[in-house]
Amino acid sequence: MKKILINGLVMASLALGSCQQFLDIRQPDVTPYDKALNDVNNVEALMRTTYNDLQGYNNFVRSSTMFGDEVDISRQSQDQFGADYITRNFGRFNGIGEGLWSVGYSGIFRSNQIIKATLANEYSTSAPIRSRLLGEAYFIRGFMHFELCRQFALPYSAGKTKPGVVIRTVAPAFADEVQVVPRATLEATYGQAIADIKASLDLLPETPANGRLGKDAARAALARIYFSMVEDGSSANYQEAKTYCDQLVQSGKYKITLPMNAFNFDISRRGIIKADTGTIFELTNTLSDDAGGSLAGAFWGNTADNVFTPILTGPGSLLVALRNYGGLRYDTLVLNRDGARPYTAKYSGGTGIPFKNTPVFRYAEVLLTRAEANLQVGGDVATSLADLNAVQIAARAPLTTTTDRDQLLDAIRLERRVELHLEGDRYHELRRLKSTNIRGASYNDSKSFFQIPNSEQRANPTIELN
């Protein structure tokens with residue numbers, strides 16, 4: 001087959017903003033690569049499309065919530081999306097996994113194109129713009145590798161030598177050039193994510209434009225990644241997580257707010273990130289580009305009968321935890337609270353807003369991560385208790401007072417469950433803690449995450465299967 005320059009895909013990205021998987025694309029007429037990204041306006045356009053790929057985070061959140069133990073998915077037995085989570089029948093032809101794999105590697109592919117063009121000085125622009133574009137591309141590439149690993153591989157707690165995902169850091173020269181690359185280990189995949197996001201931390205602006213990535217997003221991402229890298233008998237990664245949380249806390253830029261303010265936005269603030277929202281970075285959505293609609297569609301409705309995926313009830317359930325420890329998170333974020341179908345108001349949007357932004361990193365998560373990481377490295381109880389109490393006070397929830405380290409650790413994890421409910425955190429928390437009962441499956445069960453999709457298996461015969 002005639003080799004075709006990859007620029008056709010780049011130009012198609014600029015024109016259409018599509019999220020097609022690059023392994024299968026063939027374009028009959030293309031623009032040579034040195035003509036595609038030799039203008040900063042084209043690079044900026046490609047970066048906007050790469051941000052669209054980053055919006056795929058909404059679907060990673062939705063998938064993580066469906067895998068976990070927070071919601072009742074039984075009502076979805078007649079729907080392909082829900083039925084697969086019920087049966088855990090995630091084969092190579094599963095459409096959900098295929099979509100996540102595609103959007104993740106689409107973002108990685110476009111990031112690689114921007115990194116290549118920027119490092120090669122293929123376009124002219126000012127130093128600050130060049131730095132920002134390179135930083136954004138590094139961040140998205142690293143974050144996508146991390147999120148793909150969390151959906152298609154075992155958790156780090158299962159052993160860092162287990163297979164992660166395919167690391168792709170080279171921009172292919174041709175659209176029909178298949179990158180036949182085996183899966184890297186979890187250690188290597190997480191290491192690539194960390195290296196990329198650390199590189200972005202050096203390049204991104206301290207004060208980004210609204211809706212764009214900045215240094216604090218990189219700090220929050222690094223804290224989340226290190227926190228998830230549990231190794232038996234080692235506290236090194238907890239120390240790294242604490243370090244980046246310390247930087248965010250010590251900046252003094254953020255504060256904990258009432259929990260209803262974290263997700264509901266006044267129309268005048270649409271697409272605007274302000275420190276008083278308690279949000280470090282969020283995905284901005286519009287009526288014509290509402291990537292967060294997948295979350296609203298799954299977890300919120302105008303009435304209880306319209307909610308596709310309600311909160312689980314019964315002993316030990318999320319609803320019970322919210323009722324007993326949630327404070328305002330139960331009173332204002334859970335609707336039809338004691339009825340047969342309680343559901344969250346987190347994804348409802350504000351009054352008159354048919355769409356909403358999606359927080360990716362919130363200050364509450366930073367405090368709760370620091371609170372536990374501090375205990376894990378032998379830090380003082382007072383710091384961890386203060387971080388925990390700050391989140392509880394904002395939610396008007398019962399305050400923890402114990403100074404017993406084990407009891408405090410349990411309280412921090414409980415607070416994490418109620419504060420970050422239905423934000424995609426719980427499933428990964430259970431895997432980090434090696435739970436043997438994630439809706440009846442163990443953290444290291446191969447049915448507790450997606451199989452490598454058919455498109456990758458067909459194009460990359462070296463791929464190791466789950």
# chains A, B, ... in the order shown; residues from 1 in each chain; ligands from 1

$ select_by_dssp --residues "stretch 31-274 of chain A" --states "alpha helix (DSSP H)" --output "JSON, numbers by chain"
{"A": [33, 34, 35, 36, 40, 41, 42, 43, 44, 45, 46, 47, 48, 49, 50, 51, 52, 53, 54, 57, 58, 59, 60, 61, 62, 63, 64, 65, 66, 67, 80, 81, 82, 83, 84, 85, 86, 87, 95, 96, 97, 98, 99, 100, 101, 102, 103, 104, 105, 106, 107, 108, 109, 110, 111, 112, 113, 114, 115, 116, 117, 118, 119, 127, 128, 129, 130, 131, 132, 133, 134, 135, 136, 137, 138, 139, 140, 141, 142, 143, 144, 145, 146, 147, 148, 149, 150, 151, 152, 186, 187, 188, 189, 190, 191, 192, 193, 194, 195, 196, 197, 198, 199, 200, 201, 202, 203, 215, 216, 217, 218, 219, 220, 221, 222, 223, 224, 225, 226, 227, 228, 236, 237, 238, 239, 240, 241, 242, 243, 244, 245, 246, 247, 248, 249, 250]}

$ residues_around --residues "A:Gly440" --least-positions-apart "4" --cutoff "12 Å" --atoms "only C-alpha atoms" --output "list in words"
Phe67, Gly68, Asp69, Ile86, Thr87, Arg88, Ser435, Thr436, Asn444, Asp445, Lys447 and Ser448 of chain A

$ select_by_dssp --residues "stretch 140-292 of chain A" --states "strand (DSSP E or B)" --output "number ranges by chain"
A: 163, 174, 185, 279-283, 286, 289

$ residues_around --residues "stretch 198-212 of chain A" --least-positions-apart "4" --cutoff "9 Å" --atoms "only C-alpha atoms" --output "short mmCIF file (atom, residue, chain, number, x, y, z; two decimals) with N, CA and C atoms, in the first residue's frame"
data_model
loop_
_atom_site.label_atom_id
_atom_site.label_comp_id
_atom_site.auth_asym_id
_atom_site.auth_seq_id
_atom_site.Cartn_x
_atom_site.Cartn_y
_atom_site.Cartn_z
N TYR A 51 -7.40 19.27 23.22
CA TYR A 51 -8.21 19.52 24.41
C TYR A 51 -9.55 18.78 24.30
N PRO A 128 6.84 32.43 25.19
CA PRO A 128 5.77 31.99 26.11
C PRO A 128 4.73 31.09 25.45
N ARG A 130 5.21 29.18 22.77
CA ARG A 130 5.86 27.90 22.47
C ARG A 130 5.93 27.05 23.73
N SER A 131 6.28 27.66 24.84
CA SER A 131 6.37 26.93 26.10
C SER A 131 5.01 26.39 26.51
N ARG A 132 3.97 27.21 26.38
CA ARG A 132 2.63 26.76 26.76
C ARG A 132 2.17 25.59 25.91
N LEU A 133 2.34 25.68 24.60
CA LEU A 133 1.89 24.61 23.70
C LEU A 133 2.63 23.31 24.01
N LEU A 134 3.92 23.41 24.24
CA LEU A 134 4.70 22.21 24.54
C LEU A 134 4.27 21.63 25.89
N GLY A 135 4.03 22.51 26.87
CA GLY A 135 3.60 22.05 28.18
C GLY A 135 2.24 21.38 28.13
N GLU A 136 1.31 21.95 27.37
CA GLU A 136 -0.02 21.35 27.25
C GLU A 136 0.06 19.98 26.60
N ALA A 137 0.89 19.87 25.57
CA ALA A 137 1.02 18.59 24.87
C ALA A 137 1.64 17.52 25.77
N TYR A 138 2.67 17.89 26.53
CA TYR A 138 3.28 16.94 27.46
C TYR A 138 2.26 16.51 28.53
N PHE A 139 1.50 17.46 29.06
CA PHE A 139 0.53 17.11 30.09
C PHE A 139 -0.49 16.12 29.55
N ALA A 193 4.09 8.72 32.38
CA ALA A 193 3.11 9.74 32.74
C ALA A 193 3.74 10.79 33.65
N ILE A 194 4.51 10.34 34.63
CA ILE A 194 5.15 11.27 35.56
C ILE A 194 6.17 12.14 34.84
N ASP A 216 -0.55 24.39 38.31
CA ASP A 216 -1.26 23.74 39.42
C ASP A 216 -1.97 22.47 38.97
N ALA A 217 -2.44 22.44 37.73
CA ALA A 217 -3.04 21.20 37.21
C ALA A 217 -1.99 20.10 37.17
N ALA A 218 -0.77 20.46 36.79
CA ALA A 218 0.32 19.47 36.77
C ALA A 218 0.65 18.99 38.18
N ARG A 219 0.67 19.90 39.13
CA ARG A 219 0.95 19.51 40.52
C ARG A 219 -0.14 18.56 41.04
N LEU A 222 0.25 15.10 39.39
CA LEU A 222 1.36 14.35 39.96
C LEU A 222 1.00 13.80 41.34
N GLY A 271 -17.35 28.51 32.06
CA GLY A 271 -16.03 28.40 31.46
C GLY A 271 -14.96 29.14 32.22
N ILE A 272 -15.29 29.68 33.40
CA ILE A 272 -14.32 30.47 34.16
C ILE A 272 -13.93 29.72 35.42
N ILE A 273 -12.64 29.60 35.66
CA ILE A 273 -12.15 28.93 36.85
C ILE A 273 -11.73 30.00 37.86
N LYS A 274 -12.28 29.95 39.04
CA LYS A 274 -11.90 30.87 40.10
C LYS A 274 -11.55 30.08 41.34
N PHE A 281 -8.54 22.61 38.30
CA PHE A 281 -8.67 22.55 36.83
C PHE A 281 -9.97 21.85 36.49
N GLU A 282 -10.67 22.39 35.49
CA GLU A 282 -11.91 21.79 35.05
C GLU A 282 -11.98 21.80 33.53
N LEU A 283 -12.77 20.89 32.99
CA LEU A 283 -13.02 20.84 31.56
C LEU A 283 -14.20 21.75 31.26
N THR A 284 -14.00 22.71 30.39
CA THR A 284 -15.07 23.64 30.07
C THR A 284 -15.94 23.09 28.96
#
